[in-house]
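As stored in entry.csv (CSV, C-alpha atoms and all ligand atoms):
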```csv
chain,number,residue,atom,x,y,z
A,6,MET,CA,9.9,-9.4,-12.4
A,7,GLY,CA,13.4,-9.8,-10.9
A,8,ASN,CA,14.2,-11.4,-7.6
A,9,VAL,CA,12.5,-9.2,-5.0
A,10,LYS,CA,13.5,-10.0,-1.4
A,11,LEU,CA,10.3,-11.1,0.3
A,12,PRO,CA,8.4,-10.2,2.3
A,13,PHE,CA,9.6,-6.6,2.7
A,14,GLY,CA,11.9,-5.8,-0.2
A,15,ARG,CA,15.2,-4.1,0.5
A,16,THR,CA,15.4,-2.6,4.0
A,17,GLN,CA,19.1,-1.9,4.3
A,18,VAL,CA,19.8,1.4,2.7
A,19,SER,CA,21.7,4.6,3.5
A,20,ALA,CA,20.2,8.1,3.7
A,21,ASP,CA,22.6,9.2,0.9
A,22,GLU,CA,21.2,6.5,-1.4
A,23,ILE,CA,17.7,7.5,-0.5
A,24,SER,CA,18.4,11.1,-1.3
A,25,GLU,CA,19.4,10.1,-4.9
A,26,LEU,CA,16.2,8.2,-5.3
A,27,VAL,CA,13.7,10.8,-4.0
A,28,ARG,CA,12.5,13.9,-5.8
A,29,VAL,CA,13.5,16.4,-3.0
A,30,ASN,CA,12.9,19.6,-5.0
A,31,ARG,CA,9.3,18.8,-6.2
A,32,ALA,CA,8.4,17.4,-2.7
A,33,SER,CA,9.7,20.6,-1.1
A,34,GLN,CA,7.8,22.7,-3.6
A,35,LEU,CA,4.5,20.9,-2.9
A,36,LEU,CA,5.0,21.4,0.8
A,37,HIS,CA,5.9,25.0,0.3
A,38,GLU,CA,2.7,25.5,-1.7
A,39,SER,CA,0.8,24.2,1.3
A,40,GLY,CA,2.3,27.0,3.4
A,41,LYS,CA,5.5,25.6,4.9
A,42,THR,CA,8.5,27.9,5.0
A,43,ASP,CA,11.1,25.2,5.9
A,44,SER,CA,9.9,22.6,3.4
A,45,GLU,CA,13.2,21.5,2.1
A,46,ASP,CA,14.7,21.1,5.6
A,47,GLN,CA,11.7,19.0,6.5
A,48,ILE,CA,12.1,16.7,3.5
A,49,ARG,CA,15.8,16.3,4.1
A,50,SER,CA,15.2,15.6,7.8
A,51,PHE,CA,12.6,12.9,6.8
A,52,ILE,CA,15.1,11.3,4.4
A,53,GLN,CA,17.7,11.0,7.2
A,54,THR,CA,15.2,8.8,9.1
A,55,VAL,CA,14.1,6.5,6.2
A,56,PRO,CA,16.9,4.0,7.0
A,57,ASP,CA,15.6,3.7,10.5
A,58,LEU,CA,12.0,3.3,9.2
A,59,LEU,CA,13.1,0.5,6.9
A,60,GLY,CA,15.1,-1.1,9.7
A,61,TRP,CA,11.9,-1.0,11.9
A,62,LEU,CA,10.0,-2.7,9.1
A,63,GLU,CA,12.5,-5.6,9.0
A,64,GLN,CA,12.0,-6.1,12.7
A,65,HIS,CA,8.3,-5.4,13.2
A,66,GLY,CA,6.6,-5.6,9.8
A,67,ARG,CA,3.6,-7.9,9.5
A,68,GLU,CA,4.3,-11.1,7.8
A,69,PHE,CA,1.0,-11.7,5.9
A,70,PRO,CA,0.9,-14.5,3.4
A,71,TRP,CA,0.3,-12.2,0.4
A,72,ARG,CA,3.6,-10.5,1.2
A,73,TYR,CA,5.4,-13.8,0.4
A,74,THR,CA,4.3,-13.9,-3.2
A,75,THR,CA,4.6,-11.8,-6.4
A,76,ASP,CA,2.0,-13.9,-8.2
A,77,PRO,CA,-0.2,-11.2,-9.8
A,78,TRP,CA,-3.4,-13.1,-9.3
A,79,ARG,CA,-2.8,-13.7,-5.6
A,80,VAL,CA,-1.6,-10.1,-5.1
A,81,TYR,CA,-4.5,-8.5,-7.0
A,82,VAL,CA,-7.2,-10.6,-5.3
A,83,SER,CA,-5.7,-10.2,-1.9
A,84,GLU,CA,-5.9,-6.4,-2.3
A,85,ILE,CA,-9.6,-6.8,-3.1
A,86,LEU,CA,-10.2,-9.0,-0.1
A,87,LEU,CA,-8.3,-6.5,2.1
A,88,GLN,CA,-10.7,-3.6,1.2
A,89,ARG,CA,-12.3,-2.3,4.4
A,90,THR,CA,-11.1,-5.5,6.1
A,91,ARG,CA,-8.5,-6.4,8.7
A,92,GLY,CA,-5.4,-8.2,7.5
A,93,ASP,CA,-5.8,-11.0,10.1
A,94,ALA,CA,-9.3,-11.8,8.8
A,95,VAL,CA,-8.0,-12.1,5.2
A,96,ALA,CA,-5.0,-14.2,6.4
A,97,GLY,CA,-7.5,-16.6,7.9
A,98,ILE,CA,-9.1,-17.5,4.6
A,99,TYR,CA,-6.1,-16.9,2.3
A,100,ASP,CA,-4.9,-20.5,1.8
A,101,GLU,CA,-8.4,-22.0,1.4
A,102,PHE,CA,-9.5,-19.3,-1.0
A,103,PHE,CA,-6.5,-19.8,-3.3
A,104,SER,CA,-6.7,-23.5,-3.2
A,105,GLN,CA,-10.3,-23.2,-4.3
A,106,PHE,CA,-9.7,-20.4,-6.9
A,107,PRO,CA,-6.1,-20.7,-7.9
A,108,ASP,CA,-6.4,-18.7,-11.1
A,109,PRO,CA,-8.9,-16.3,-13.0
A,110,GLU,CA,-10.3,-19.2,-15.1
A,111,THR,CA,-11.4,-21.2,-12.0
A,112,LEU,CA,-13.0,-18.2,-10.4
A,113,ASN,CA,-14.6,-17.1,-13.7
A,114,ARG,CA,-16.5,-20.4,-14.0
A,115,ALA,CA,-17.3,-20.8,-10.3
A,116,ASP,CA,-20.8,-20.6,-8.9
A,117,GLU,CA,-21.7,-17.3,-7.4
A,118,LYS,CA,-22.7,-19.0,-4.1
A,119,ASP,CA,-19.3,-20.7,-3.8
A,120,ILE,CA,-17.5,-17.4,-4.2
A,121,HIS,CA,-19.9,-15.8,-1.7
A,122,ASP,CA,-19.4,-18.6,0.8
A,123,ALA,CA,-15.6,-18.3,0.5
A,124,VAL,CA,-15.5,-14.6,1.4
A,125,SER,CA,-18.7,-14.1,3.5
A,126,SER,CA,-16.6,-14.2,6.8
A,127,LEU,CA,-14.9,-10.9,5.7
A,128,GLY,CA,-18.2,-9.0,5.4
A,129,PHE,CA,-19.6,-7.1,2.4
A,130,GLY,CA,-20.1,-10.6,0.8
A,131,ASN,CA,-22.3,-9.4,-2.1
A,132,GLN,CA,-20.1,-6.5,-3.1
A,133,ARG,CA,-17.0,-8.5,-2.8
A,134,THR,CA,-18.4,-11.4,-4.8
A,135,ARG,CA,-19.4,-9.1,-7.6
A,136,THR,CA,-16.0,-7.5,-7.7
A,137,LEU,CA,-14.2,-10.8,-7.8
A,138,GLN,CA,-16.5,-12.0,-10.6
A,139,GLU,CA,-15.7,-8.9,-12.6
A,140,VAL,CA,-12.0,-9.2,-12.0
A,141,ALA,CA,-11.9,-12.9,-13.0
A,142,GLU,CA,-13.8,-12.1,-16.2
A,143,LEU,CA,-11.5,-9.3,-17.0
A,144,CYS,CA,-8.4,-11.4,-16.6
A,145,HIS,CA,-9.8,-14.5,-18.2
A,146,CYS,CA,-11.7,-13.0,-21.1
A,147,GLU,CA,-9.7,-9.9,-21.9
A,148,TYR,CA,-6.2,-10.7,-20.9
A,149,GLY,CA,-5.8,-14.4,-21.7
A,150,GLY,CA,-5.9,-15.5,-18.1
A,151,ASP,CA,-3.3,-13.0,-16.9
A,152,VAL,CA,-3.7,-10.0,-14.6
A,153,PRO,CA,-3.3,-6.8,-16.7
A,154,LYS,CA,-0.2,-4.8,-16.0
A,155,ASP,CA,-1.9,-1.5,-16.6
A,156,LEU,CA,-3.2,0.9,-14.0
A,157,GLU,CA,-6.3,1.8,-15.9
A,158,ALA,CA,-7.2,-1.8,-16.7
A,159,LEU,CA,-6.7,-2.9,-13.1
A,160,LYS,CA,-9.2,-0.2,-12.0
A,161,GLN,CA,-11.8,-1.3,-14.5
A,162,SER,CA,-13.8,-3.6,-12.3
A,163,TRP,CA,-16.5,-2.5,-9.9
A,164,ARG,CA,-15.1,-1.0,-6.6
A,165,VAL,CA,-11.5,-1.5,-7.6
A,166,GLY,CA,-9.9,1.9,-6.9
A,167,PRO,CA,-6.4,3.4,-7.3
A,168,TYR,CA,-5.1,1.9,-4.1
A,169,SER,CA,-5.7,-1.7,-5.1
A,170,ALA,CA,-4.5,-1.2,-8.7
A,171,ARG,CA,-1.3,0.5,-7.5
A,172,ALA,CA,-0.7,-2.1,-4.9
A,173,CYS,CA,-0.9,-4.8,-7.5
A,174,LEU,CA,1.7,-3.1,-9.7
A,175,LEU,CA,3.9,-2.3,-6.8
A,176,PHE,CA,3.9,-5.8,-5.1
A,177,ALA,CA,3.4,-8.0,-8.2
A,178,CYS,CA,5.2,-6.1,-10.9
A,179,ALA,CA,7.8,-4.2,-8.9
A,180,GLU,CA,6.8,-0.8,-10.2
A,181,PRO,CA,7.7,1.9,-7.6
A,182,TYR,CA,4.2,3.3,-7.1
A,183,ALA,CA,3.1,5.2,-4.0
A,184,LEU,CA,0.2,3.9,-2.0
A,185,VAL,CA,-2.2,6.3,-0.2
A,186,ASP,CA,-4.7,5.0,2.3
A,187,ALA,CA,-5.8,6.4,5.7
A,188,ASN,CA,-2.8,5.0,7.5
A,189,VAL,CA,-0.3,6.3,5.1
A,190,ALA,CA,-2.0,9.7,5.0
A,191,ARG,CA,-2.1,10.0,8.7
A,192,VAL,CA,1.6,9.2,9.2
A,193,ILE,CA,2.9,11.5,6.5
A,194,GLY,CA,0.4,14.2,7.5
A,195,ARG,CA,1.8,14.1,11.1
A,196,VAL,CA,5.4,13.9,10.1
A,197,LEU,CA,5.3,16.8,7.7
A,198,ASP,CA,2.5,18.7,9.5
A,199,TYR,CA,0.7,18.6,6.2
A,200,GLU,CA,-3.0,19.2,6.4
A,201,MET,CA,-4.7,16.3,4.7
A,202,PRO,CA,-7.9,16.6,2.7
A,203,THR,CA,-10.9,14.7,3.9
A,204,GLN,CA,-10.3,12.0,1.3
A,205,PRO,CA,-6.5,11.9,0.8
A,206,HIS,CA,-6.7,8.8,-1.4
A,207,LYS,CA,-8.7,10.9,-3.9
A,208,SER,CA,-6.3,13.9,-3.8
A,209,LYS,CA,-3.9,14.3,-6.8
A,210,THR,CA,-1.6,16.5,-4.6
A,211,VAL,CA,-1.3,13.9,-1.9
A,212,TYR,CA,-0.5,11.2,-4.5
A,213,GLU,CA,2.1,13.5,-6.1
A,214,LEU,CA,3.7,14.2,-2.8
A,215,MET,CA,4.0,10.5,-2.0
A,216,GLU,CA,5.2,9.7,-5.5
A,217,CYS,CA,8.0,12.2,-4.9
A,218,LEU,CA,8.9,10.6,-1.6
A,219,VAL,CA,8.8,6.9,-2.7
A,220,PRO,CA,12.4,5.9,-3.6
A,221,ASP,CA,12.7,5.2,-7.3
A,222,ASP,CA,13.8,1.6,-6.9
A,223,PRO,CA,11.4,-1.3,-6.9
A,224,GLU,CA,12.8,-3.1,-3.9
A,225,ILE,CA,13.2,0.0,-1.7
A,226,ALA,CA,9.8,1.3,-2.9
A,227,ARG,CA,8.2,-2.0,-1.7
A,228,ALA,CA,9.8,-1.6,1.7
A,229,PHE,CA,9.0,2.1,2.0
A,230,ASN,CA,5.3,1.6,1.3
A,231,LEU,CA,5.0,-1.4,3.6
A,232,ALA,CA,6.8,0.5,6.4
A,233,PHE,CA,4.2,3.3,6.1
A,234,LEU,CA,1.3,0.9,6.1
A,235,ASP,CA,2.6,-1.0,9.1
A,236,LEU,CA,3.7,2.0,11.0
A,237,GLY,CA,0.2,3.5,10.6
A,238,ALA,CA,-1.4,0.3,11.8
A,239,LEU,CA,0.9,-0.5,14.7
A,240,ILE,CA,2.5,2.7,16.0
A,241,CYS,CA,1.1,5.8,14.5
A,242,THR,CA,-2.5,4.9,15.3
A,243,PRO,CA,-5.3,7.4,15.0
A,244,ASP,CA,-5.9,8.0,18.8
A,245,GLU,CA,-2.8,6.8,20.5
A,246,PRO,CA,0.4,7.3,18.5
A,247,GLN,CA,3.3,5.8,20.3
A,248,CYS,CA,5.9,8.4,19.4
A,249,PRO,CA,8.7,7.2,21.8
A,250,SER,CA,8.7,3.8,19.9
A,251,CYS,CA,8.5,5.3,16.5
A,252,PRO,CA,11.5,5.3,14.0
A,253,LEU,CA,10.3,8.7,12.6
A,254,GLU,CA,10.2,10.5,16.0
A,255,ASP,CA,13.3,12.6,15.3
A,256,CYS,CA,11.8,14.2,12.1
A,257,CYS,CA,8.2,14.2,13.1
A,258,ALA,CA,6.4,17.6,13.4
A,259,PHE,CA,3.6,16.1,15.5
A,260,ALA,CA,6.0,14.4,17.9
A,261,ALA,CA,7.9,17.7,18.3
A,262,THR,CA,4.7,19.6,19.4
A,263,ARG,CA,3.9,16.8,21.9
A,264,LEU,CA,7.4,17.1,23.4
A,265,GLY,CA,6.9,20.9,23.6
A,301,LIG,S1,6.5,10.2,15.9
A,301,LIG,FE1,4.4,9.8,16.6
A,301,LIG,S2,3.1,11.1,15.3
A,301,LIG,FE2,5.1,11.0,14.3
A,301,LIG,S3,4.9,9.3,12.9
A,301,LIG,FE3,5.7,8.4,14.7
A,301,LIG,S4,4.0,7.8,16.0
A,301,LIG,FE4,3.2,9.1,14.3
```

What is this structure when it is put down as structure tokens?
Amino acid sequence: MGNVKLPFGRTQVSADEISELVRVNRASQLLHESGKTDSEDQIRSFIQTVPDLLGWLEQHGREFPWRYTTDPWRVYVSEILLQRTRGDAVAGIYDEFFSQFPDPETLNRADEKDIHDAVSSLGFGNQRTRTLQEVAELCHCEYGGDVPKDLEALKQSWRVGPYSARACLLFACAEPYALVDANVARVIGRVLDYEMPTQPHKSKTVYELMECLVPDDPEIARAFNLAFLDLGALICTPDEPQCPSCPLEDCCAFAATRLG
């Protein structure tokens, strides 16, 4: 991949440029189908705030070690370690894990107990060990020691879902995919007053909506996704959203109802 600015990608961008890189019509149509009458205005208002959102990321984004690499092995495995786990906990084992298992081959021939010991502090030790073993075997035996660059192949191992596979392609291969997890779904649901299904990460419509909104540029897509992830974790939290500190406040439907 080309030279992506790490850790956040490109964060300096104008609203006009974003407009050219987003599928406004299809996003508006999807919102309209969910019952919104002013859907295009909502999308355009959101686009106006994206430069502030990316600027916020540059200042407040979390500087985890996996955000400083585009090495596919490190990115892919980090996403597996992050499943149902706090970033701080994964950051605590990151250096030691990758010095012990620097590539698929090393992990593929490692003892199960050593893998388990390396990840047990994160919880779900048995499940995670099995997934890591399957991932190492996939890369080592089927892809010549490389991480596959194909969404379906990346999802092949046990408990590796669309989020981890997409994150790998986005962060390691600079493909402008949209990520959908609970944080992302909560933020966009509140901003657009879009009623999320119970499991947004399994909804084709939610993915399509986010795909329309993610700018079609690898560096900006990286920043856009990271901004949503971090905003959901730090500002737009489930119980106490801090709207006055939020870069999306001016376009956010939820904040508007709070202000009355
Ligand atoms: S303005 Fe408030 S509700 Fe809207 S995205 Fe920001 S923190 Fe969340």

task: Go through the chains and note each residue within 9 Å of ligand LIG 301 (chain A), using all atoms listed in the file, then give the set as a PyMOL selection string.
output: chain A and resi 191-197+236-237+239-243+245-261+263

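Shortest separation to Cys178 of chain A among A:Ile85, A:Leu156, A:Leu143, A:Ala232 occurs at residue A:Leu156, atoms counted being all atoms listed in the file.
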
For Met201 of chain A, work out the shell of residues within 12 Å, counting only C-alpha atoms and skipping chain neighbours fewer than 4 positions away, then give it as an mmCIF file with C-alpha atoms, in the frame of the given file.
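Heads up, here's the output in result_36.cif:
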```
data_model
loop_
_atom_site.group_PDB
_atom_site.id
_atom_site.type_symbol
_atom_site.label_atom_id
_atom_site.label_comp_id
_atom_site.auth_asym_id
_atom_site.auth_seq_id
_atom_site.Cartn_x
_atom_site.Cartn_y
_atom_site.Cartn_z
ATOM 1 C CA LEU A 36 5.000 21.400 0.800
ATOM 2 C CA SER A 39 0.800 24.200 1.300
ATOM 3 C CA VAL A 185 -2.200 6.300 -0.200
ATOM 4 C CA ASP A 186 -4.700 5.000 2.300
ATOM 5 C CA ALA A 187 -5.800 6.400 5.700
ATOM 6 C CA ASN A 188 -2.800 5.000 7.500
ATOM 7 C CA VAL A 189 -0.300 6.300 5.100
ATOM 8 C CA ALA A 190 -2.000 9.700 5.000
ATOM 9 C CA ARG A 191 -2.100 10.000 8.700
ATOM 10 C CA VAL A 192 1.600 9.200 9.200
ATOM 11 C CA ILE A 193 2.900 11.500 6.500
ATOM 12 C CA GLY A 194 0.400 14.200 7.500
ATOM 13 C CA ARG A 195 1.800 14.100 11.100
ATOM 14 C CA VAL A 196 5.400 13.900 10.100
ATOM 15 C CA LEU A 197 5.300 16.800 7.700
ATOM 16 C CA PRO A 205 -6.500 11.900 0.800
ATOM 17 C CA HIS A 206 -6.700 8.800 -1.400
ATOM 18 C CA LYS A 207 -8.700 10.900 -3.900
ATOM 19 C CA SER A 208 -6.300 13.900 -3.800
ATOM 20 C CA LYS A 209 -3.900 14.300 -6.800
ATOM 21 C CA THR A 210 -1.600 16.500 -4.600
ATOM 22 C CA VAL A 211 -1.300 13.900 -1.900
ATOM 23 C CA TYR A 212 -0.500 11.200 -4.500
ATOM 24 C CA LEU A 214 3.700 14.200 -2.800
#
```

message: Just to confirm, what's the straight-line distance from atom CA of Ser162 of chain A to atom CA of Ala177 of chain A in Å (one decimal)?
response: 18.2 Å

task: Using only C-alpha atoms, determine which residues lie at most 12 Å from segment 108-112 of chain A, disregarding the query and same-chain residues fewer than 5 positions distant; provide the list as a PyMOL selection string.
output: chain A and resi 76-82+102-103+117-121+123+134-153

Pull the neighbourhood of (9.0, 14.7, -4.6) for me: all residues within 9 Å in file coordinates, counting only C-alpha atoms, as a short mmCIF file (atom, residue, chain, number, x, y, z; two decimals) with C-alpha atoms, in the frame of the given file.
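What follows is the written file part.cif:
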```
data_model
loop_
_atom_site.label_atom_id
_atom_site.label_comp_id
_atom_site.auth_asym_id
_atom_site.auth_seq_id
_atom_site.Cartn_x
_atom_site.Cartn_y
_atom_site.Cartn_z
CA VAL A 27 13.70 10.80 -4.00
CA ARG A 28 12.50 13.90 -5.80
CA VAL A 29 13.50 16.40 -3.00
CA ASN A 30 12.90 19.60 -5.00
CA ARG A 31 9.30 18.80 -6.20
CA ALA A 32 8.40 17.40 -2.70
CA SER A 33 9.70 20.60 -1.10
CA GLN A 34 7.80 22.70 -3.60
CA LEU A 35 4.50 20.90 -2.90
CA ILE A 48 12.10 16.70 3.50
CA GLU A 213 2.10 13.50 -6.10
CA LEU A 214 3.70 14.20 -2.80
CA MET A 215 4.00 10.50 -2.00
CA GLU A 216 5.20 9.70 -5.50
CA CYS A 217 8.00 12.20 -4.90
CA LEU A 218 8.90 10.60 -1.60
CA VAL A 219 8.80 6.90 -2.70
#
```

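The spacing separating atom CA of Arg72 of chain A from atom CA of Phe176 of chain A amounts to 7.9 Å.
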
query: So which residues are close to (-3.7, -0.3, -6.4), meaning at most 10 Å away in the file's coordinates with all atoms listed in the file counted, and can you show them as JSON, numbers by chain?
result: {"A": [81, 84, 85, 156, 159, 160, 165, 166, 167, 168, 169, 170, 171, 172, 173, 174, 175, 176, 182, 183, 184, 185]}

For C-alpha atoms, I'd like the residues from the last selection saved as a CSV table (one decimal), in the frame of the given file.
```csv
chain,number,residue,atom,x,y,z
A,81,TYR,CA,-4.5,-8.5,-7.0
A,84,GLU,CA,-5.9,-6.4,-2.3
A,85,ILE,CA,-9.6,-6.8,-3.1
A,156,LEU,CA,-3.2,0.9,-14.0
A,159,LEU,CA,-6.7,-2.9,-13.1
A,160,LYS,CA,-9.2,-0.2,-12.0
A,165,VAL,CA,-11.5,-1.5,-7.6
A,166,GLY,CA,-9.9,1.9,-6.9
A,167,PRO,CA,-6.4,3.4,-7.3
A,168,TYR,CA,-5.1,1.9,-4.1
A,169,SER,CA,-5.7,-1.7,-5.1
A,170,ALA,CA,-4.5,-1.2,-8.7
A,171,ARG,CA,-1.3,0.5,-7.5
A,172,ALA,CA,-0.7,-2.1,-4.9
A,173,CYS,CA,-0.9,-4.8,-7.5
A,174,LEU,CA,1.7,-3.1,-9.7
A,175,LEU,CA,3.9,-2.3,-6.8
A,176,PHE,CA,3.9,-5.8,-5.1
A,182,TYR,CA,4.2,3.3,-7.1
A,183,ALA,CA,3.1,5.2,-4.0
A,184,LEU,CA,0.2,3.9,-2.0
A,185,VAL,CA,-2.2,6.3,-0.2
```

Write out as a tab-separated table a residue-level contact list of segment 62-115 of chain A versus segment 10-15 of chain A with cut-off 10 Å: for each qualifying residue the closest pair of atoms and the distance in Å to one decimal, counting all atoms listed in the file, rows sorted by chain and residue number upward.
```
residue	atom	partner	partner_atom	distance
A:Leu62	CA	A:Phe13	CA	7.5
A:Glu63	CA	A:Phe13	CA	7.0
A:Gly66	CA	A:Phe13	CA	7.8
A:Arg67	CA	A:Pro12	CA	9.0
A:Glu68	CA	A:Pro12	CA	6.9
A:Phe69	CA	A:Pro12	CA	8.4
A:Pro70	CA	A:Pro12	CA	8.7
A:Trp71	CA	A:Pro12	CA	8.6
A:Arg72	CA	A:Pro12	CA	4.9
A:Tyr73	CA	A:Pro12	CA	5.1
A:Thr74	CA	A:Leu11	CA	7.5
A:Thr75	CA	A:Leu11	CA	8.8
```

Starting from the sparse input, extend segment 125-139 of chain A to N, CA and C atoms and give the output as a short mmCIF file (atom, residue, chain, number, x, y, z; two decimals), in the frame of the given file.
```
data_model
loop_
_atom_site.label_atom_id
_atom_site.label_comp_id
_atom_site.auth_asym_id
_atom_site.auth_seq_id
_atom_site.Cartn_x
_atom_site.Cartn_y
_atom_site.Cartn_z
N SER A 125 -17.60 -14.71 2.70
CA SER A 125 -18.70 -14.10 3.50
C SER A 125 -18.14 -13.77 4.95
N SER A 126 -17.13 -14.49 5.46
CA SER A 126 -16.60 -14.20 6.80
C SER A 126 -15.97 -12.81 6.87
N LEU A 127 -15.62 -12.25 5.72
CA LEU A 127 -14.90 -10.90 5.70
C LEU A 127 -15.94 -9.78 5.72
N GLY A 128 -17.24 -10.08 5.51
CA GLY A 128 -18.20 -9.00 5.40
C GLY A 128 -18.31 -8.51 3.96
N PHE A 129 -19.32 -7.70 3.70
CA PHE A 129 -19.60 -7.10 2.40
C PHE A 129 -19.56 -8.25 1.29
N GLY A 130 -20.19 -9.38 1.64
CA GLY A 130 -20.10 -10.60 0.80
C GLY A 130 -20.64 -10.33 -0.63
N ASN A 131 -21.78 -9.63 -0.75
CA ASN A 131 -22.30 -9.40 -2.10
C ASN A 131 -21.44 -8.54 -2.94
N GLN A 132 -20.99 -7.45 -2.33
CA GLN A 132 -20.10 -6.50 -3.10
C GLN A 132 -18.83 -7.21 -3.50
N ARG A 133 -18.25 -7.92 -2.56
CA ARG A 133 -17.00 -8.50 -2.80
C ARG A 133 -17.08 -9.61 -3.92
N THR A 134 -18.20 -10.37 -3.84
CA THR A 134 -18.40 -11.40 -4.80
C THR A 134 -18.52 -10.80 -6.23
N ARG A 135 -19.28 -9.72 -6.32
CA ARG A 135 -19.40 -9.10 -7.60
C ARG A 135 -18.07 -8.58 -8.16
N THR A 136 -17.32 -7.95 -7.30
CA THR A 136 -16.00 -7.50 -7.70
C THR A 136 -15.11 -8.61 -8.20
N LEU A 137 -15.09 -9.69 -7.41
CA LEU A 137 -14.20 -10.80 -7.80
C LEU A 137 -14.68 -11.44 -9.10
N GLN A 138 -15.98 -11.51 -9.31
CA GLN A 138 -16.50 -12.00 -10.60
C GLN A 138 -16.02 -11.16 -11.75
N GLU A 139 -16.11 -9.85 -11.56
CA GLU A 139 -15.70 -8.90 -12.60
C GLU A 139 -14.20 -9.03 -12.90
#
```
